[in-house]
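Enquirer: My questions will all concern the structure given below.
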Amino acid sequence: MRVEMPIRTERLVLRPLRAEDADALHTYHRREDVARYLYRPPLDREGCAKLIARSIESPEWGTNGADLGLAVCLHGQVIGETGLRLRSALAAQAEIGWVFAPEYAGHGYATEAARAVLAAAFGPLKVHRVYARLDADNKPSWRVCERLGMRREAYLVDSDVNPATGTWGSEYVYAMLAREFAG
């Protein structure tokens, strides 16, 4: 099972993350306002390089934990990333996620990129169910899920602790089945 790369949308190019993307990712992963929704402290450049390496060294799709990490590019510039992680090969379930530089918020790029990832998940990757776990305070991300047609399946109260702040956070779980995806 392979996805033809790069994935092109109306405005964006999604391609596998590369080691040379570390500086671009660092511009937004180092920010507190980005890290707070990721339940981890901001990343330094080395942390961004490790994040990319994990994606590059991922096992082949079809193996639990396989990671499809994609740089989201606008006019050749990395503005964010999105991707899938295969959580259960047996149940064909994957988790979708995205992180974007805040200056690109509000233009529909996350929705456009995530829709393309869903098409790959439900198409060539043969995923049965895709879900997203996100901080309940992250309204822009749960709005992306709703624009994609994902349903809110759970509200998990104080379900995780942010190691950077020691504060509890609540999460929403959104999901979609392959048969529900309209493309």
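Residues are named by chain letter and number: chains run A, B, ... in the order of the structure tokens, numbers start at 1 in each chain, and ligands are numbered from 1 in the order shown.
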Which neighbours of range 105-108 of chain A fall inside 12 Å, counting only C-alpha atoms, when residues of the same chain fewer than 3 positions from it are skipped, and could you give them as a list in words?
Expert: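 Near range 105-108 of chain A, the qualifying residues are Thr9, Glu10, Arg11, Leu12, Val34, Leu74, Ile79, Gly80, Trp98, Val99, Phe100, Ala101, Pro102, Thr111, Glu112, Ala113, Ala114, Arg115, Lys139, Pro140, Ser141, Arg143, Val144, Cys145, Arg147 and Leu148 of chain A.
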Enquirer: Hey, what's within 10 Å of range 133-135 of chain A if we count only C-alpha atoms and toss same-chain stuff fewer than 3 positions away? As a list in words, please?
Expert: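 In the requested format, the answer is Arg36, Tyr37, Leu38, Tyr39, Glu95, Ile96, Gly97, Asn138, Lys139, Ser141, Trp142, Cys145, Arg152, Ala154, Tyr155, Leu156, Ser159, Asp160, Gly169, Ser170, Glu171, Tyr172, Val173, Tyr174 and Ala175 of chain A.
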Enquirer: What would the file look like if the residues just selected were written as a PDB file, in the first residue's frame with C-alpha atoms?
Expert:
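Here's the written file again-v7.pdb:
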```
ATOM      1  CA  ARG A  36       0.357  24.075  24.485  1.00  0.00           C
ATOM      2  CA  TYR A  37      -2.021  22.050  22.316  1.00  0.00           C
ATOM      3  CA  LEU A  38       0.512  19.260  21.778  1.00  0.00           C
ATOM      4  CA  TYR A  39       0.922  18.322  25.466  1.00  0.00           C
ATOM      5  CA  GLU A  95      -4.845   8.786  13.915  1.00  0.00           C
ATOM      6  CA  ILE A  96      -4.676  11.999  11.891  1.00  0.00           C
ATOM      7  CA  GLY A  97      -2.970  15.140  13.084  1.00  0.00           C
ATOM      8  CA  ASN A 138      -8.160  24.081  20.500  1.00  0.00           C
ATOM      9  CA  LYS A 139     -11.233  25.416  18.710  1.00  0.00           C
ATOM     10  CA  SER A 141      -8.562  22.192  15.221  1.00  0.00           C
ATOM     11  CA  TRP A 142     -11.954  20.900  16.229  1.00  0.00           C
ATOM     12  CA  CYS A 145     -12.606  18.145  12.109  1.00  0.00           C
ATOM     13  CA  ARG A 152     -17.288  14.171  17.829  1.00  0.00           C
ATOM     14  CA  ALA A 154     -15.906  11.653  22.986  1.00  0.00           C
ATOM     15  CA  TYR A 155     -15.151  14.388  25.453  1.00  0.00           C
ATOM     16  CA  LEU A 156     -12.403  13.191  27.786  1.00  0.00           C
ATOM     17  CA  SER A 159      -7.501  13.123  30.360  1.00  0.00           C
ATOM     18  CA  ASP A 160      -3.910  14.263  29.960  1.00  0.00           C
ATOM     19  CA  GLY A 169      -6.270  19.198  29.786  1.00  0.00           C
ATOM     20  CA  SER A 170      -9.447  17.776  28.342  1.00  0.00           C
ATOM     21  CA  GLU A 171      -9.670  16.266  24.884  1.00  0.00           C
ATOM     22  CA  TYR A 172     -12.175  15.726  22.126  1.00  0.00           C
ATOM     23  CA  VAL A 173     -12.041  12.646  19.936  1.00  0.00           C
ATOM     24  CA  TYR A 174     -13.378  13.046  16.414  1.00  0.00           C
ATOM     25  CA  ALA A 175     -13.640  10.176  13.930  1.00  0.00           C
TER      26      ALA A 175
END
```
Enquirer: Name the residues of range 3-146 of chain A that fall into helix (DSSP H, G or I) according to DSSP on the backbone, using the chain letters and numbers of this document, as a PyMOL selection string.
Expert: chain A and resi 19-29+32-35+45-56+102-104+109-122+139-146
Enquirer: What gap, in Å, lies between CA of Arg179 in chain A and CA of Val157 in chain A?
Expert: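 We find that CA of Arg179 in chain A and CA of Val157 in chain A lie 29.3 Å from each other.
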Enquirer: Just checking: using only C-alpha atoms, which residue out of A:Gly183, A:Gly149, A:Gly47, A:Pro41 ends up closest to His26 in chain A?
Expert: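 Nearest to His26 in chain A: A:Gly47.
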Enquirer: Record the distance separating CA of Glu20 in chain A and CA of Val78 in chain A, expressed in Å with one decimal.
Expert: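 Result for CA of Glu20 in chain A versus CA of Val78 in chain A: 10.7 Å, one decimal.
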Enquirer: Run DSSP on the backbone of this structure and report the residues of chain A it assigns to strand (DSSP E or B), as a PyMOL selection string.
Expert: chain A and resi 7-8+13-16+67-74+77-88+93-100+129-135+151-161+168-177
Enquirer: Using only C-alpha atoms, which residues sit within 9 Å of Ala19 in chain A once same-chain residues fewer than 6 positions away are excluded, as a ChimeraX atom specification?
Expert: /A:49,52-53,56
Enquirer: Contacts of Arg87 in chain A at 6 Å or less, counting only C-alpha atoms, minus same-chain residues fewer than 2 places along, as an MDAnalysis selection string?
Expert: chainID A and resid 64:65 85 93:94
Enquirer: Taking into account only C-alpha atoms, which residue in the set A:Pro6, A:Pro124, A:Gly69, A:Pro59 is nearest to Leu84 in chain A?
Expert: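 Of all the options, A:Gly69 lies closest to Leu84 in chain A.
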Enquirer: With only C-alpha atoms as the atoms that count, which of A:Ala91, A:Ala110, A:Leu17, A:Leu25 lies nearest to Asp67 in chain A?
Expert: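 Selected residue with least distance to Asp67 in chain A: A:Leu17.
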